[in-house]
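File shown here: entry-v9.cif, holding mmCIF, C-alpha atoms and all ligand atoms.
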data_input
#
loop_
_atom_site.label_atom_id
_atom_site.label_comp_id
_atom_site.auth_asym_id
_atom_site.auth_seq_id
_atom_site.Cartn_x
_atom_site.Cartn_y
_atom_site.Cartn_z
CA MET A 1 -23.72 -20.78 -22.35
CA THR A 2 -22.07 -19.08 -19.43
CA ASP A 3 -21.89 -20.35 -15.91
CA PRO A 4 -23.74 -17.95 -13.57
CA LYS A 5 -21.77 -19.21 -10.65
CA ALA A 6 -18.62 -17.84 -12.19
CA GLU A 7 -19.77 -14.31 -11.42
CA LEU A 8 -20.39 -15.14 -7.80
CA ARG A 9 -16.83 -16.12 -7.28
CA PRO A 10 -14.77 -13.33 -5.79
CA PRO A 11 -11.93 -12.14 -7.96
CA ALA A 12 -8.57 -13.46 -6.97
CA PRO A 13 -6.59 -10.84 -5.07
CA ALA A 14 -3.70 -9.32 -6.92
CA ARG A 15 -0.46 -11.03 -6.28
CA GLY A 16 1.37 -9.35 -3.48
CA ASP A 17 -1.72 -7.50 -2.32
CA VAL A 18 -1.62 -9.08 1.08
CA PRO A 19 -0.15 -8.07 4.40
CA ALA A 20 3.38 -9.31 4.57
CA GLU A 21 6.88 -8.41 5.50
CA ARG A 22 8.50 -6.33 2.79
CA GLN A 23 11.70 -4.53 2.23
CA CYS A 24 11.61 -0.77 2.32
CA LEU A 25 12.51 0.75 -1.03
CA ARG A 26 14.42 3.52 0.65
CA CYS A 27 16.28 2.13 3.63
CA LYS A 28 16.12 -1.56 2.67
CA ALA A 29 14.83 -2.35 6.10
CA THR A 30 12.34 -5.12 6.60
CA PHE A 31 9.03 -3.84 7.82
CA TRP A 32 5.44 -4.99 8.03
CA SER A 33 3.54 -3.86 4.98
CA ALA A 34 -0.23 -3.77 5.18
CA GLY A 35 -0.65 -4.17 1.46
CA PHE A 36 0.59 -3.79 -2.05
CA GLY A 37 0.61 -0.02 -1.89
CA GLU A 38 2.93 0.07 1.05
CA ARG A 39 6.46 -0.16 -0.21
CA VAL A 40 8.16 2.20 2.20
CA CYS A 41 8.43 1.82 5.93
CA LYS A 42 6.67 4.29 8.15
CA ARG A 43 9.93 5.74 9.23
CA CYS A 44 10.83 6.76 5.71
CA LYS A 45 7.31 7.90 4.99
CA SER A 46 7.47 10.30 7.87
CA GLN A 47 10.58 11.84 6.46
CA ALA A 48 10.29 14.95 4.35
CA SER A 49 12.47 13.43 1.69
CA TRP A 50 9.72 11.00 0.83
CA LYS A 51 7.71 12.73 -1.86
CA SER A 52 7.46 10.34 -4.76
CA GLY A 53 3.85 10.06 -5.82
CA SER A 54 2.75 11.11 -2.42
CA THR A 55 -0.60 12.85 -2.10
CA GLN A 56 0.29 14.26 1.24
CA ALA A 57 1.14 17.83 0.54
CA SER A 58 2.34 20.00 3.34
CA GLY A 59 -0.58 21.79 4.91
CA SER A 60 -3.13 19.31 3.65
CA SER A 61 -4.36 16.89 6.26
CA ARG A 62 -7.80 15.99 5.03
CA ARG A 63 -6.98 12.34 4.89
CA SER A 64 -6.65 12.23 8.64
CA SER A 65 -10.34 13.01 9.11
CA ARG A 66 -11.00 9.32 9.58
ZN ZN B 1 12.53 2.75 5.18
#

Output the structure of this file as structure tokens.
Ligand SMILES: [Zn+2]
Amino acid sequence: MTDPKAELRPPAPARGDVPAERQCLRCKATFWSAGFGERVCKRCKSQASWKSGSTQASGSSRRSSR
């Protein structure tokens, strides 16, 4: 016998998947991270040296269509 209400409950958000101040993995500077996927400050992201797992290839700007 399963409780139908259990399915209505929203899943608990992953730990750390909330906007918070985090430390940049590159420059160790404290910055405002919008979520779990943001581990590097915008300043470092904008640098060309940042290319670890990045989907932003030079010349490809389809993601900015929004
Ligand atoms: Zn940084």

Which residues of chain A come within 7 Å of ligand ZN 1 (chain B), and for each one, what is the closest pair of atoms and their distance in Å to one decimal, counting all atoms listed in the file, sorted by chain and residue number, as CSV?
residue,atom,partner,partner_atom,distance
A:Cys24,CA,B:ZN1,ZN,4.6
A:Leu25,CA,B:ZN1,ZN,6.5
A:Arg26,CA,B:ZN1,ZN,5.0
A:Cys27,CA,B:ZN1,ZN,4.1
A:Lys28,CA,B:ZN1,ZN,6.1
A:Ala29,CA,B:ZN1,ZN,5.7
A:Val40,CA,B:ZN1,ZN,5.3
A:Cys41,CA,B:ZN1,ZN,4.3
A:Lys42,CA,B:ZN1,ZN,6.7
A:Arg43,CA,B:ZN1,ZN,5.7
A:Cys44,CA,B:ZN1,ZN,4.4

>> One decimal, in Å: what's the spacing between CA of Ser46 in chain A and CA of Phe31 in chain A?
In response: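 CA of Ser46 in chain A sits 14.2 Å away from CA of Phe31 in chain A.
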
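Take CA of Lys45 in chain A and CA of Val18 in chain A: the distance between them is 19.6 Å.
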
> So what do you get for CA of Glu38 in chain A versus CA of Glu21 in chain A, distance-wise?
Replying inline: 10.4 Å

> Of the candidates A:Gln47, A:Phe36, A:Met1, A:Glu7, which one gets nearest to Gln23 in chain A if we count only C-alpha atoms?
Replying inline: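 So, comparing all the options, the nearest one is A:Phe36.
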
Edge lengths and centre in Å to one decimal, as AutoDock Vina command-line options, of the axis-aligned box that encloses all listed atoms of range 19-26 of chain A with 5 Å added on every side?
--center_x 7.1 --center_y -2.9 --center_z 2.2 --size_x 24.6 --size_y 22.8 --size_z 16.5
